[in-house]
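Visitor: Right, I'll just put the structure down here and ask away after.
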Amino acid sequence: MKNLLILTASIGALSAAAPAFGADFAVQPVNIKVPPLPVAAPINDWTGYYVGINGGWGSSDNCWDFNGVTPEGCHNSTGGTIGGQIGYRWQIFRTVYGIEGQGNWADFSGSNVSTAFPGSTVGTKTDAFGLLTGHVGYAFNAVLLYAKGGAAVTSNTYHINSVGTGTEFARNNDVRWGGALGAGVEVSLTPSWSAGVEYDHLFMQGSNVTFPTAVGADRVHQDIDLITARLNYKFSPAFAK
């Protein structure tokens, strides 16, 4: 009888506790984490001031005419170049406009035996050039394709030497102006740094070169082709304020 009373009391206690346990084990709301929205790729902005360095190779095509009439032949003056550039760009939607100044040291040298005076060689050396150009391009986010055009200036030295001994007969130099056309591609490496490659063609005016120790003068025509690699640093927008 005693055991029956204990069993009955236990069942009653369990019955009283059942609602509490039921409440604890009731269906809980499911906490589902919403996956984060995809982050859009950053849009590169080419707007701003920049400075940079460039280096590469150049070839100057030079044709000499004695007294502007008698051809003396042509030669390519080739060699290396290194220099710097500074400019500003504006990006409007995907179109990029800009203006840039560039100055380079050069070592483009070459010569040929004169067809008019076979005992002499005529030679040209371009030792510096500068460009002032406007740019227009199209930005594929971090990649910029552009064309450029404007003014060009070159510094040149001319010499006449003996074919047999190499002795220099005459020397003179000049600075001449012309035009420039070019195109390039540039890739943004970081928000500030970018690198690219560029091709330029310089259309230079003909120049009359006189030699103090020679009779007469030469009319020298010149065109230059350039291929350069470039590295630019763009300043933060705060720099312009």
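If you're wondering about the labels, chains in the structure tokens are A, B, ... by order shown, residues count from 1 in each chain, ligands from 1 in order shown.
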Find the nearest atom pair between each residue of segment 122-155 of chain A and segment 95-108 of chain A for residues within 7 Å, count only C-alpha atoms, give distances in Å to one decimal, sort rows by chain and ascending number, and present the table as a tab-separated table.
Guide:
residue	atom	partner	partner_atom	distance
A:Lys125	CA	A:Phe108	CA	5.4
A:Thr126	CA	A:Phe108	CA	5.1
A:Asp127	CA	A:Ala106	CA	4.5
A:Ala128	CA	A:Trp105	CA	4.5
A:Phe129	CA	A:Asn104	CA	5.5
A:Gly130	CA	A:Gly103	CA	4.4
A:Leu131	CA	A:Gln102	CA	5.0
A:Leu132	CA	A:Gly101	CA	4.6
A:Thr133	CA	A:Glu100	CA	5.5
A:Gly134	CA	A:Ile99	CA	4.4
A:His135	CA	A:Gly98	CA	4.7
A:Val136	CA	A:Tyr97	CA	4.6
A:Gly137	CA	A:Val96	CA	4.9
A:Tyr138	CA	A:Thr95	CA	4.8
A:Ala139	CA	A:Thr95	CA	6.3
Visitor: Would you give me, as a PyMOL selection string, the residues in segment 41-146 of chain A that DSSP reads as strand (DSSP E or B)?
Guide: chain A and resi 48-66+70-92+95-113+120-140+143-146
Visitor: Using only C-alpha atoms, which of A:Gly164, A:Gly56, A:Gly150, A:Gly119 sits nearest Asp225 of chain A?
Guide: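 Ranked by minimum distance to Asp225 of chain A, first place goes to A:Gly56.
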Visitor: What does the structure give for the distance between atom CA of Arg89 of chain A and atom CA of Ser155 of chain A, in Å to one decimal?
Guide: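 Going from atom CA of Arg89 of chain A over to atom CA of Ser155 of chain A, I get 28.3 Å.
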Visitor: Excluding segment 195-197 of chain A and any residue of its chain fewer than 5 positions from it, enumerate the residues within 8 Å of it, using only C-alpha atoms, and give them as a PDB file with C-alpha atoms, in the first residue's frame.
Guide:
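This is the output file out-v4.pdb:
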ATOM      1  CA  GLY A 184      48.631  54.147 -75.094  1.00  0.00           C
ATOM      2  CA  VAL A 185      47.140  51.829 -72.521  1.00  0.00           C
ATOM      3  CA  GLU A 186      47.425  52.290 -68.757  1.00  0.00           C
ATOM      4  CA  VAL A 187      46.411  49.952 -65.922  1.00  0.00           C
ATOM      5  CA  SER A 188      45.568  51.081 -62.382  1.00  0.00           C
ATOM      6  CA  LEU A 189      47.603  48.997 -59.919  1.00  0.00           C
ATOM      7  CA  ILE A 227      57.917  53.435 -77.564  1.00  0.00           C
ATOM      8  CA  THR A 228      57.999  53.988 -73.797  1.00  0.00           C
ATOM      9  CA  ALA A 229      56.906  52.265 -70.606  1.00  0.00           C
ATOM     10  CA  ARG A 230      55.350  54.574 -67.998  1.00  0.00           C
ATOM     11  CA  LEU A 231      54.801  54.568 -64.245  1.00  0.00           C
ATOM     12  CA  ASN A 232      52.496  57.223 -62.740  1.00  0.00           C
TER      13      ASN A 232
END
Visitor: Pick the closest to Gln91 of chain A from A:Asn44, A:Thr70, A:Ser114, A:Thr78: which is it, counting only C-alpha atoms?
Guide: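 When distances to Gln91 of chain A are compared using only C-alpha atoms, the smallest one comes from A:Asn44.
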Visitor: At a cut-off of 8 Å, using only C-alpha atoms, what residues contact Ser162 of chain A? Leave out same-chain residues fewer than 4 positions from it and give the result as a ChimeraX atom specification.
Guide: /A:119-121,166-169
Visitor: Do you have the atom CA of Gly178 of chain A-atom CA of Val153 of chain A distance handy?
Guide: 6.2 Å
